file run-v1.txt (compact mmCIF, C-alpha atoms and all ligand atoms)
# COMPACT_ATOMS: atom_id res chain seq x y z
CA MET Z 1 109.93 78.31 49.79
CA ARG Z 2 107.76 81.36 49.07
CA TYR Z 3 108.49 84.01 51.65
CA MET Z 4 107.08 87.40 52.56
CA GLU Z 5 108.68 90.00 54.81
CA ILE Z 6 106.30 91.09 57.56
CA SER Z 7 106.86 94.74 56.51
CA LYS Z 8 104.97 93.91 53.30
CA LEU Z 9 101.77 92.88 55.11
CA GLN Z 10 99.92 96.14 54.42
CA ARG Z 11 100.77 95.90 50.69
CA LEU Z 12 99.62 92.29 50.68
CA LEU Z 13 96.29 93.29 52.25
CA ASP Z 14 95.82 95.98 49.60
CA LEU Z 15 96.39 93.40 46.86
CA LEU Z 16 93.94 90.99 48.49
CA ARG Z 17 91.34 93.75 48.79
CA GLN Z 18 91.36 94.07 45.00
CA GLN Z 19 90.15 90.46 44.78
CA GLY Z 20 87.13 90.72 47.08
CA GLU Z 21 85.84 91.84 50.46
CA LEU Z 22 88.64 91.27 52.92
CA HIS Z 23 87.66 90.00 56.37
CA SER Z 24 90.01 89.04 59.18
CA PRO Z 25 90.31 89.02 62.97
CA VAL Z 26 90.04 92.64 64.11
CA LEU Z 27 90.58 93.83 67.67
CA GLY Z 28 87.60 96.00 68.66
CA ASP Z 29 87.62 98.98 71.02
CA ASP Z 30 85.91 96.69 73.55
CA GLY Z 31 88.97 94.42 73.61
CA VAL Z 32 87.17 91.60 71.75
CA THR Z 33 88.67 90.15 68.56
CA ARG Z 34 86.11 89.37 65.87
CA PHE Z 35 86.18 88.34 62.24
CA GLU Z 36 84.97 91.42 60.38
CA LEU Z 37 85.62 93.63 57.37
CA LEU Z 38 89.21 94.87 57.54
CA PRO Z 39 89.22 98.59 56.71
CA PRO Z 40 92.09 99.95 54.57
CA GLY Z 41 95.00 101.06 56.75
CA LYS Z 42 94.10 98.73 59.63
CA LEU Z 43 96.12 95.61 60.39
CA PRO Z 44 94.50 92.31 61.35
CA ASP Z 45 94.90 91.05 64.91
CA LEU Z 46 97.19 88.15 64.06
CA ALA Z 47 98.32 87.80 67.67
CA ALA Z 48 94.85 86.76 68.86
CA ILE Z 49 94.64 83.04 69.61
CA ARG Z 50 90.92 82.94 68.86
CA THR Z 51 88.05 85.18 67.82
CA GLN Z 52 84.94 85.11 69.99
CA LEU Z 53 82.75 83.77 67.17
CA PRO Z 54 84.20 81.33 64.65
CA PRO Z 55 84.02 81.93 60.88
CA LYS Z 56 80.87 79.75 60.61
CA LYS Z 57 78.89 83.01 60.84
CA TYR Z 58 79.85 83.71 57.20
CA LEU Z 59 78.39 80.41 56.02
CA LEU Z 60 75.44 79.95 58.35
CA HIS Z 61 73.85 83.18 59.41
CA PRO Z 62 72.49 83.24 62.98
CA GLN Z 63 69.00 83.68 61.53
CA GLU Z 64 67.87 83.65 57.92
CA THR Z 65 64.89 83.02 55.66
CA ILE Z 66 65.05 79.68 53.88
CA LEU Z 67 61.64 79.64 52.18
CA THR Z 68 58.96 82.18 51.33
CA TYR Z 69 55.38 81.78 50.16
CA GLN Z 70 53.22 84.26 48.29
CA ALA Z 71 49.74 83.25 47.12
CA ASP Z 72 50.39 84.64 43.63
CA ALA Z 73 54.01 83.39 43.27
CA GLY Z 74 54.06 80.15 45.24
CA TYR Z 75 57.06 78.87 47.20
CA ARG Z 76 60.50 80.36 46.65
CA VAL Z 77 63.89 79.40 48.02
CA PRO Z 78 65.85 82.63 48.47
CA LEU Z 79 69.19 82.77 46.72
CA ALA Z 80 72.12 84.41 48.41
CA THR Z 81 73.85 87.16 46.46
CA VAL Z 82 77.35 86.79 47.75
CA PRO Z 83 80.29 89.01 46.87
CA ALA Z 84 83.70 87.39 46.51
CA MET Z 85 85.11 87.35 50.01
CA ILE Z 86 88.58 86.61 51.36
CA LEU Z 87 88.91 85.36 54.91
CA PHE Z 88 92.44 86.11 56.06
CA GLY Z 89 93.85 84.85 59.34
CA LEU Z 90 92.09 81.50 59.84
CA HIS Z 91 93.87 79.17 62.23
CA PRO Z 92 94.07 75.46 61.35
CA CYS Z 93 91.26 74.63 63.84
CA ASP Z 94 88.90 77.06 62.10
CA LEU Z 95 89.92 75.75 58.68
CA ALA Z 96 89.09 72.25 59.94
CA GLY Z 97 85.80 73.60 61.31
CA ILE Z 98 84.86 74.77 57.82
CA SER Z 99 85.74 71.37 56.35
CA TYR Z 100 83.41 69.77 58.95
CA LEU Z 101 80.56 72.12 57.96
CA ASP Z 102 81.28 71.30 54.29
CA ARG Z 103 80.64 67.62 55.05
CA ILE Z 104 77.27 68.49 56.53
CA PHE Z 105 76.03 71.14 54.12
CA LEU Z 106 77.67 70.12 50.83
CA GLY Z 107 76.72 66.44 50.89
CA ASP Z 108 74.37 64.65 48.50
CA GLU Z 109 71.86 67.48 48.60
CA PRO Z 110 73.86 70.66 49.11
CA ASP Z 111 72.26 73.47 51.04
CA GLN Z 112 71.98 76.21 48.40
CA LEU Z 113 72.59 79.14 50.74
CA TYR Z 114 75.66 77.48 52.19
CA LEU Z 115 76.89 76.43 48.75
CA SER Z 116 76.74 79.92 47.28
CA ARG Z 117 78.49 81.47 50.28
CA ARG Z 118 81.15 78.78 50.37
CA ALA Z 119 81.86 79.15 46.64
CA ALA Z 120 82.50 82.87 47.14
CA LEU Z 121 85.02 82.34 49.94
CA THR Z 122 88.78 82.26 49.63
CA LEU Z 123 90.39 80.85 52.75
CA ILE Z 124 93.79 82.13 53.88
CA GLY Z 125 95.13 80.39 56.95
CA VAL Z 126 97.69 81.76 59.39
CA SER Z 127 99.72 79.72 61.86
CA CYS Z 128 99.23 80.08 65.60
CA THR Z 129 100.65 79.02 68.95
CA PRO Z 130 98.16 76.99 71.02
CA ASP Z 131 97.37 78.32 74.48
CA GLU Z 132 96.06 76.60 77.63
CA PHE Z 133 92.50 76.36 76.28
CA CYS Z 134 93.42 74.70 72.95
CA SER Z 135 93.23 70.92 72.57
CA CYS Z 136 94.40 70.43 68.95
CA ARG Z 137 97.64 68.91 70.23
CA LEU Z 138 95.83 66.59 72.63
CA TYR Z 139 93.27 65.20 70.19
CA PRO Z 140 94.62 65.22 66.63
CA SER Z 141 91.72 65.43 64.23
CA PRO Z 142 90.83 63.47 61.08
CA LEU Z 143 89.38 66.70 59.64
CA GLU Z 144 91.41 68.35 56.92
CA ALA Z 145 92.46 71.96 57.52
CA TRP Z 146 91.74 72.94 53.89
CA TYR Z 147 92.96 76.32 52.68
CA ASP Z 148 93.67 78.21 49.51
CA LEU Z 149 96.81 79.85 50.93
CA PHE Z 150 98.50 79.32 54.27
CA PHE Z 151 100.84 81.82 55.94
CA GLN Z 152 103.18 80.34 58.47
CA GLN Z 153 104.67 82.95 60.75
CA SER Z 154 108.29 82.73 61.87
CA VAL Z 155 110.68 85.23 63.43
CA ASP Z 156 112.14 85.89 59.98
CA GLY Z 157 108.88 86.55 58.19
CA ILE Z 158 106.09 84.48 56.66
CA ALA Z 159 106.33 81.29 54.60
CA VAL Z 160 103.45 80.85 52.19
CA SER Z 161 101.99 77.51 51.00
CA ILE Z 162 99.47 76.98 48.23
CA GLY Z 163 96.59 74.59 48.96
CA SER Z 164 94.31 74.83 45.91
CA PRO Z 165 94.10 76.01 42.29
CA ARG Z 166 92.39 79.16 43.56
CA GLY Z 167 95.35 79.71 45.89
CA ALA Z 168 97.78 79.21 42.98
CA GLU Z 169 95.94 81.88 40.94
CA LEU Z 170 95.94 84.27 43.86
CA MET Z 171 99.65 83.71 44.40
CA LYS Z 172 100.37 85.08 40.91
CA ILE Z 173 98.66 88.33 41.91
CA LEU Z 174 100.67 88.47 45.15
CA ASP Z 175 103.96 87.92 43.38
CA ASP Z 176 105.04 91.54 44.01
CA VAL Z 177 105.40 90.95 47.74
CA MET Z 178 106.88 87.43 47.59
CA GLU Z 179 110.41 86.13 47.22
CA GLU Z 180 112.14 82.74 47.38
CA ARG Z 181 114.04 82.02 50.58
CA GLU Z 182 115.01 79.17 52.91
CA LEU Z 183 113.46 79.55 56.34
CA LEU Z 184 113.63 77.81 59.68
CA LEU Z 185 110.00 77.34 60.65
CA PRO Z 186 108.48 76.65 64.08
CA GLU Z 187 106.11 73.70 64.61
CA ASP Z 188 103.29 73.76 62.08
CA THR Z 189 99.93 73.31 63.87
CA ARG Z 190 98.37 72.04 60.63
CA CYS Z 191 100.04 68.74 61.52
CA PHE Z 192 97.30 68.05 64.10
CA PHE Z 193 94.71 67.78 61.34
CA GLY Z 194 93.98 65.30 58.58
CA ARG Z 195 95.27 62.33 60.58
CA LYS Z 196 93.82 58.85 60.49
CA ILE Z 197 92.78 58.12 64.06
CA PRO Z 198 91.09 54.93 65.19
CA LEU Z 199 88.19 55.88 67.45
CA PRO Z 200 87.57 53.67 70.47
CA PRO Z 201 84.48 51.51 70.00
CA GLU Z 202 81.30 53.37 70.80
CA SER Z 203 80.02 52.38 74.19
CA GLU Z 204 76.57 52.71 75.65
CA LEU Z 205 78.11 52.06 79.06
CA ASP Z 206 79.01 55.71 79.48
CA GLN Z 207 75.32 56.50 80.11
CA GLY Z 208 75.70 55.93 83.83
CA LEU Z 209 78.87 57.99 84.30
CA PRO Z 210 78.64 60.34 87.30
CA GLU Z 211 80.48 62.99 85.26
CA TRP Z 212 77.33 63.87 83.29
CA GLN Z 213 75.54 64.87 86.51
CA VAL Z 214 78.58 66.75 87.82
CA LEU Z 215 78.98 68.75 84.60
CA ALA Z 216 75.25 69.39 84.34
CA GLY Z 217 75.23 70.57 87.96
CA HIS Z 218 77.66 73.37 87.08
CA CYS Z 219 76.30 74.24 83.64
CA ILE Z 220 73.88 77.19 83.57
CA GLY Z 221 72.52 76.25 80.13
CA CYS Z 222 73.52 79.57 78.54
CA GLY Z 223 74.47 77.94 75.22
CA ALA Z 224 77.69 79.96 74.76
CA CYS Z 225 79.67 76.78 74.08
CA SER Z 226 77.58 75.99 71.00
CA VAL Z 227 77.38 79.54 69.71
CA CYS Z 228 81.17 79.87 69.73
CA CYS Z 229 81.94 76.35 68.46
CA PRO Z 230 83.16 76.27 64.83
CA THR Z 231 81.40 72.96 64.16
CA CYS Z 232 78.09 73.39 66.03
CA SER Z 233 75.51 73.81 63.31
CA CYS Z 234 72.16 72.74 64.76
CA PHE Z 235 69.34 75.07 63.84
CA ASP Z 236 65.69 75.46 64.68
CA VAL Z 237 63.07 75.98 61.96
CA LEU Z 238 60.30 78.51 62.55
CA GLU Z 239 57.34 79.35 60.35
CA PHE Z 240 55.39 82.57 60.29
CA GLY Z 241 52.21 82.91 58.24
CA GLY Z 242 50.54 86.20 57.32
CA LEU Z 243 47.17 86.61 59.03
CA ASP Z 244 45.30 86.69 55.71
CA GLY Z 245 46.94 83.45 54.52
CA SER Z 246 48.48 85.06 51.44
CA SER Z 247 52.11 84.94 52.56
CA ALA Z 248 54.40 82.98 54.82
CA GLU Z 249 58.06 82.69 55.69
CA ARG Z 250 60.23 79.88 57.01
CA LEU Z 251 63.30 80.83 59.03
CA ARG Z 252 66.20 78.89 60.40
CA ARG Z 253 67.95 80.08 63.51
CA TRP Z 254 71.00 78.77 65.36
CA ASP Z 255 69.89 76.37 68.06
CA ASN Z 256 71.68 74.76 70.92
CA CYS Z 257 71.58 71.24 72.24
CA LEU Z 258 71.99 72.42 75.83
CA PHE Z 259 68.71 74.33 75.62
CA ARG Z 260 65.75 72.49 77.10
CA SER Z 261 63.69 73.37 74.03
CA HIS Z 262 66.16 71.69 71.64
CA ALA Z 263 64.75 68.16 72.02
CA GLU Z 264 61.14 69.13 72.71
CA VAL Z 265 58.50 67.76 70.40
CA ALA Z 266 54.73 68.09 70.07
CA GLY Z 267 52.75 67.50 73.22
CA GLY Z 268 55.52 68.83 75.45
CA MET Z 269 57.50 65.58 75.20
CA SER Z 270 61.29 65.73 75.17
CA PHE Z 271 64.04 63.35 74.12
CA GLN Z 272 66.54 64.97 76.48
CA LYS Z 273 64.62 66.02 79.54
CA ASP Z 274 67.40 66.65 81.95
CA ARG Z 275 70.58 68.62 81.51
CA ALA Z 276 72.84 65.63 82.17
CA GLN Z 277 71.29 63.88 79.14
CA ARG Z 278 71.80 67.00 77.08
CA PHE Z 279 75.39 67.25 78.22
CA ARG Z 280 76.08 63.66 77.18
CA TYR Z 281 74.43 64.33 73.84
CA ARG Z 282 76.68 67.35 73.20
CA TYR Z 283 79.75 65.43 74.27
CA ARG Z 284 78.95 62.54 71.95
CA HIS Z 285 78.35 64.87 69.04
CA LYS Z 286 81.67 66.64 69.58
CA TYR Z 287 83.76 63.51 70.08
CA ARG Z 288 81.93 60.78 68.12
CA GLY Z 289 79.74 62.57 65.59
CA PHE Z 290 76.38 61.43 64.32
CA GLY Z 291 74.31 61.38 61.12
CA GLN Z 292 76.51 61.93 58.05
CA VAL Z 293 79.43 62.82 60.33
CA LYS Z 294 79.14 59.70 62.49
CA GLY Z 295 82.61 58.61 63.50
CA VAL Z 296 84.11 62.03 62.71
CA PRO Z 297 84.96 63.90 65.89
CA GLY Z 298 83.58 67.41 65.61
CA CYS Z 299 85.93 69.06 68.08
CA THR Z 300 88.75 70.89 66.34
CA GLY Z 301 90.33 71.90 69.64
CA CYS Z 302 89.86 75.66 69.19
CA GLY Z 303 89.33 76.10 72.93
CA ARG Z 304 86.46 78.60 72.61
CA CYS Z 305 84.01 76.55 74.69
CA ARG Z 306 86.51 76.52 77.56
CA ALA Z 307 87.63 80.12 77.17
CA PHE Z 308 84.08 81.50 77.03
CA CYS Z 309 82.08 79.18 79.32
CA PRO Z 310 80.91 81.35 82.23
CA ALA Z 311 80.97 78.26 84.48
CA GLY Z 312 84.54 77.36 83.47
CA LEU Z 313 83.56 73.88 82.25
CA ASP Z 314 86.18 71.82 80.48
CA LEU Z 315 85.52 68.43 78.84
CA ARG Z 316 89.17 67.51 78.34
CA ALA Z 317 89.48 65.31 81.45
CA LEU Z 318 86.38 63.37 80.47
CA ALA Z 319 87.54 63.07 76.87
CA GLY Z 320 90.88 61.76 78.09
CA LYS Z 321 89.02 59.08 80.05
CA LEU Z 322 86.60 58.10 77.28
CA GLU Z 323 88.63 58.66 74.12
CA GLY Z 324 92.21 58.44 75.33
CA ASP Z 325 94.58 61.20 74.23
CA ALA Z 326 97.66 61.50 72.14
CA SER Z 327 99.75 63.38 74.70
S1 LIG Z 401 83.97 71.66 71.30
FE1 LIG Z 401 85.02 73.48 72.14
S2 LIG Z 401 87.20 73.21 71.66
FE2 LIG Z 401 86.03 71.77 70.38
S3 LIG Z 401 85.71 72.86 68.43
FE3 LIG Z 401 83.88 73.24 69.71
S4 LIG Z 401 84.33 75.18 70.81
FE4 LIG Z 401 86.28 74.42 69.97
S1 LIG Z 402 78.97 77.66 77.96
FE1 LIG Z 402 79.25 76.48 79.87
S2 LIG Z 402 77.52 77.08 81.19
FE2 LIG Z 402 77.00 77.74 79.09
S3 LIG Z 402 75.80 75.99 78.24
FE3 LIG Z 402 77.96 75.65 77.65
S4 LIG Z 402 78.78 74.34 79.30
FE4 LIG Z 402 76.87 75.23 80.08
call {"tool": "encode", "arguments": {"input": "run-v1.txt", "output": "structure tokens"}}
result
Amino acid sequence: MRYMEISKLQRLLDLLRQQGELHSPVLGDDGVTRFELLPPGKLPDLAAIRTQLPPKKYLLHPQETILTYQADAGYRVPLATVPAMILFGLHPCDLAGISYLDRIFLGDEPDQLYLSRRAALTLIGVSCTPDEFCSCRLYPSPLEAWYDLFFQQSVDGIAVSIGSPRGAELMKILDDVMEERELLLPEDTRCFFGRKIPLPPESELDQGLPEWQVLAGHCIGCGACSVCCPTCSCFDVLEFGGLDGSSAERLRRWDNCLFRSHAEVAGGMSFQKDRAQRFRYRYRHKYRGFGQVKGVPGCTGCGRCRAFCPAGLDLRALAGKLEGDAS
């Protein structure tokens, strides 16, 4: 087994930095842990169970231009110029979140902005210990927690696994800080991902459940649960035209299915008029999937929606009732 002593972490980070921009969970002065550029000399916050925002922000920017128009040049799709970037410290739930986004944005017609950012990313996972908000153990996921390298922490040091050809190449560069050793490892939380799980048959009967009204009655519609979810990827499309008609821009911006405006269409009509409907819609997306991810549960169990919901809402009891659980 490839092994690294924890005392060699700083050296490892220096070697990784030579391969691209190194980003990892960093504890800010405000007490919040975020994925951000890791400055030389600083250690990543590997003790944090979760960052406030998931790594999706690297692949889908909160707001970005997706099309421009100039009268003399016509329509242009902007191309992302993306430096090689290494994300270090991804937990299995966030790795699985990226594999879910890959299914959506790298399908038959890949999204070019997503594709170029994804191609520039090297993913290095790190093991974790689930806390009271996590649900990975309760609802094992069919999503793969793909990685290039994975670092499993133990009391004796770190065991390293290779998950891709890119990871194998990188491992050669990291050889200086690695050795071969037998280790006793704690439970590997990657085991909750990539499982074949039969979903219960989809039922329309849940429409009348009183739980939707109860949850909606407590929800303040702030949208934090979608913003912080590693698999929520709905966006709104906005167009702005120059007043003289010679230029225009199309933007996409993170949207949120708990916002009233999310399902509004022309004429002020809405497909999800009341919050209970919107709550059911979010639930079904997270636990049943739709579109090209129909039948693929989109909850990776990261626990962010529970940890950061100002109303303290938790869908686990309802999921246990509708989906069953593996506990
Ligand atoms: S629904 Fe909640 S627990 Fe599941 S992946 Fe999204 S934020 Fe994490
Ligand atoms: S974070 Fe909580 S209160 Fe805010 S929209 Fe989500 S469920 Fe509602």
call {"tool": "residues_near_point", "arguments": {"input": "run-v1.txt", "point": "(102.6, 87.7, 46.7)", "cutoff": "10 Å", "atoms": "all atoms listed in the file", "output": "list in words"}}
result
Arg2, Tyr3, Met4, Lys8, Leu9, Arg11, Leu12, Leu15, Leu16, Val160, Leu170, Met171, Lys172, Ile173, Leu174, Asp175, Asp176, Val177, Met178 and Glu179 of chain Z
call {"tool": "atom_distance", "arguments": {"input": "run-v1.txt", "atom1": "atom CA of Z:Cys93", "atom2": "atom CA of Z:Leu27"}}
result
19.6 Å
call {"tool": "closest_residue", "arguments": {"input": "run-v1.txt", "among": "Z:Glu182, Z:Asp94, Z:Glu109, Z:Asp244", "to": "ligand LIG 401 (chain Z)", "atoms": "all atoms listed in the file"}}
result
Z:Asp94
call {"tool": "atom_distance", "arguments": {"input": "run-v1.txt", "atom1": "atom CA of Z:Val77", "atom2": "atom CA of Z:Cys234"}}
result
19.8 Å
call {"tool": "residues_near_ligand", "arguments": {"input": "run-v1.txt", "ligand": "ligand LIG 402 (chain Z)", "cutoff": "6 Å", "atoms": "all atoms listed in the file", "output": "PyMOL selection string"}}
result
chain Z and resi 219-225+258+309-311+313
call {"tool": "residues_near_ligand", "arguments": {"input": "run-v1.txt", "ligand": "ligand LIG 401 (chain Z)", "cutoff": "6 Å", "atoms": "all atoms listed in the file", "output": "VMD selection string"}}
result
chain Z and resid 225 228 to 230 286 299 to 305
call {"tool": "closest_residue", "arguments": {"input": "run-v1.txt", "among": "Z:Cys191, Z:Leu87, Z:Cys257, Z:Leu123", "to": "Z:Asp236", "atoms": "all atoms listed in the file"}}
result
Z:Cys257
call {"tool": "atom_distance", "arguments": {"input": "run-v1.txt", "atom1": "atom CA of Z:Lys42", "atom2": "atom CA of Z:Arg17"}}
result
12.2 Å
call {"tool": "residues_around", "arguments": {"input": "run-v1.txt", "residues": "stretch 56-72 of chain Z", "least_positions_apart": "3", "cutoff": "8 Å", "atoms": "all atoms listed in the file", "output": "ChimeraX atom specification"}}
result
/Z:53,75-78,97-98,113-114,117-118,230-231,233,245-254
call {"tool": "closest_residue", "arguments": {"input": "run-v1.txt", "among": "Z:Glu144, Z:Glu264, Z:Asp314, Z:Glu211", "to": "Z:Gly298", "atoms": "only C-alpha atoms"}}
result
Z:Glu144
call {"tool": "residues_around", "arguments": {"input": "run-v1.txt", "residues": "stretch 288-295 of chain Z", "least_positions_apart": "4", "cutoff": "12 Å", "atoms": "all atoms listed in the file", "output": "PyMOL selection string"}}
result
chain Z and resi 99-109+141-143+196-203+231-232+280-284+299+319+322-323
call {"tool": "axis_aligned_box", "arguments": {"input": "run-v1.txt", "around": "stretch 251-257 of chain Z", "padding_each_side": "3 Å", "output": "AutoDock Vina command-line options"}}
result
--center_x 67.5 --center_y 76.0 --center_z 65.6 --size_x 14.4 --size_y 15.6 --size_z 19.2
call {"tool": "closest_residue", "arguments": {"input": "run-v1.txt", "among": "Z:Glu5, Z:Asp156, Z:Asp206, Z:Asp45", "to": "Z:Ser24", "atoms": "all atoms listed in the file"}}
result
Z:Asp45
call {"tool": "closest_residue", "arguments": {"input": "run-v1.txt", "among": "Z:Ala145, Z:Leu243, Z:Leu185, Z:Val227", "to": "Z:Ala159", "atoms": "only C-alpha atoms"}}
result
Z:Leu185
call {"tool": "closest_residue", "arguments": {"input": "run-v1.txt", "among": "Z:Gly157, Z:Gly163, Z:Pro39, Z:Gly194", "to": "Z:Glu180", "atoms": "only C-alpha atoms"}}
result
Z:Gly157
call {"tool": "build_atoms", "arguments": {"input": "run-v1.txt", "residues": "stretch 300-321 of chain Z", "atoms": "N, CA and C atoms", "output": "PDB file, in the frame of the given file"}}
result
ATOM      1  N   THR Z 300      87.495  70.559  67.012  1.00  0.00           N
ATOM      2  CA  THR Z 300      88.750  70.890  66.340  1.00  0.00           C
ATOM      3  C   THR Z 300      89.775  71.448  67.322  1.00  0.00           C
ATOM      4  N   GLY Z 301      89.387  71.496  68.594  1.00  0.00           N
ATOM      5  CA  GLY Z 301      90.330  71.900  69.640  1.00  0.00           C
ATOM      6  C   GLY Z 301      90.566  73.389  69.740  1.00  0.00           C
ATOM      7  N   CYS Z 302      89.642  74.211  69.215  1.00  0.00           N
ATOM      8  CA  CYS Z 302      89.860  75.660  69.190  1.00  0.00           C
ATOM      9  C   CYS Z 302      89.895  76.294  70.573  1.00  0.00           C
ATOM     10  N   GLY Z 303      89.282  75.613  71.547  1.00  0.00           N
ATOM     11  CA  GLY Z 303      89.330  76.100  72.930  1.00  0.00           C
ATOM     12  C   GLY Z 303      88.282  77.138  73.282  1.00  0.00           C
ATOM     13  N   ARG Z 304      87.433  77.525  72.307  1.00  0.00           N
ATOM     14  CA  ARG Z 304      86.460  78.600  72.610  1.00  0.00           C
ATOM     15  C   ARG Z 304      85.512  78.189  73.722  1.00  0.00           C
ATOM     16  N   CYS Z 305      85.015  76.929  73.686  1.00  0.00           N
ATOM     17  CA  CYS Z 305      84.010  76.550  74.690  1.00  0.00           C
ATOM     18  C   CYS Z 305      84.598  76.653  76.091  1.00  0.00           C
ATOM     19  N   ARG Z 306      85.886  76.409  76.233  1.00  0.00           N
ATOM     20  CA  ARG Z 306      86.510  76.520  77.560  1.00  0.00           C
ATOM     21  C   ARG Z 306      86.788  77.983  77.897  1.00  0.00           C
ATOM     22  N   ALA Z 307      87.278  78.725  76.909  1.00  0.00           N
ATOM     23  CA  ALA Z 307      87.630  80.120  77.170  1.00  0.00           C
ATOM     24  C   ALA Z 307      86.403  80.974  77.486  1.00  0.00           C
ATOM     25  N   PHE Z 308      85.246  80.625  76.894  1.00  0.00           N
ATOM     26  CA  PHE Z 308      84.080  81.500  77.030  1.00  0.00           C
ATOM     27  C   PHE Z 308      82.968  80.941  77.909  1.00  0.00           C
ATOM     28  N   CYS Z 309      83.130  79.736  78.454  1.00  0.00           N
ATOM     29  CA  CYS Z 309      82.080  79.180  79.320  1.00  0.00           C
ATOM     30  C   CYS Z 309      82.065  79.950  80.644  1.00  0.00           C
ATOM     31  N   PRO Z 310      80.927  80.566  80.989  1.00  0.00           N
ATOM     32  CA  PRO Z 310      80.910  81.350  82.230  1.00  0.00           C
ATOM     33  C   PRO Z 310      81.068  80.478  83.476  1.00  0.00           C
ATOM     34  N   ALA Z 311      80.820  79.163  83.328  1.00  0.00           N
ATOM     35  CA  ALA Z 311      80.970  78.260  84.480  1.00  0.00           C
ATOM     36  C   ALA Z 311      82.346  77.580  84.480  1.00  0.00           C
ATOM     37  N   GLY Z 312      83.176  77.910  83.504  1.00  0.00           N
ATOM     38  CA  GLY Z 312      84.540  77.360  83.470  1.00  0.00           C
ATOM     39  C   GLY Z 312      84.587  75.864  83.193  1.00  0.00           C
ATOM     40  N   LEU Z 313      83.579  75.338  82.481  1.00  0.00           N
ATOM     41  CA  LEU Z 313      83.560  73.880  82.250  1.00  0.00           C
ATOM     42  C   LEU Z 313      84.556  73.478  81.162  1.00  0.00           C
ATOM     43  N   ASP Z 314      85.105  72.299  81.360  1.00  0.00           N
ATOM     44  CA  ASP Z 314      86.180  71.820  80.480  1.00  0.00           C
ATOM     45  C   ASP Z 314      85.988  70.305  80.303  1.00  0.00           C
ATOM     46  N   LEU Z 315      85.783  69.865  79.085  1.00  0.00           N
ATOM     47  CA  LEU Z 315      85.520  68.430  78.840  1.00  0.00           C
ATOM     48  C   LEU Z 315      86.790  67.621  78.616  1.00  0.00           C
ATOM     49  N   ARG Z 316      87.955  68.236  78.704  1.00  0.00           N
ATOM     50  CA  ARG Z 316      89.170  67.510  78.340  1.00  0.00           C
ATOM     51  C   ARG Z 316      89.443  66.297  79.233  1.00  0.00           C
ATOM     52  N   ALA Z 317      89.192  66.445  80.552  1.00  0.00           N
ATOM     53  CA  ALA Z 317      89.480  65.310  81.450  1.00  0.00           C
ATOM     54  C   ALA Z 317      88.585  64.131  81.093  1.00  0.00           C
ATOM     55  N   LEU Z 318      87.315  64.433  80.826  1.00  0.00           N
ATOM     56  CA  LEU Z 318      86.380  63.370  80.470  1.00  0.00           C
ATOM     57  C   LEU Z 318      86.749  62.748  79.119  1.00  0.00           C
ATOM     58  N   ALA Z 319      87.143  63.596  78.183  1.00  0.00           N
ATOM     59  CA  ALA Z 319      87.540  63.070  76.870  1.00  0.00           C
ATOM     60  C   ALA Z 319      88.777  62.189  76.998  1.00  0.00           C
ATOM     61  N   GLY Z 320      89.693  62.579  77.879  1.00  0.00           N
ATOM     62  CA  GLY Z 320      90.880  61.760  78.090  1.00  0.00           C
ATOM     63  C   GLY Z 320      90.498  60.383  78.608  1.00  0.00           C
ATOM     64  N   LYS Z 321      89.467  60.351  79.471  1.00  0.00           N
ATOM     65  CA  LYS Z 321      89.020  59.080  80.050  1.00  0.00           C
ATOM     66  C   LYS Z 321      88.278  58.231  79.012  1.00  0.00           C
TER      67      LYS Z 321
END
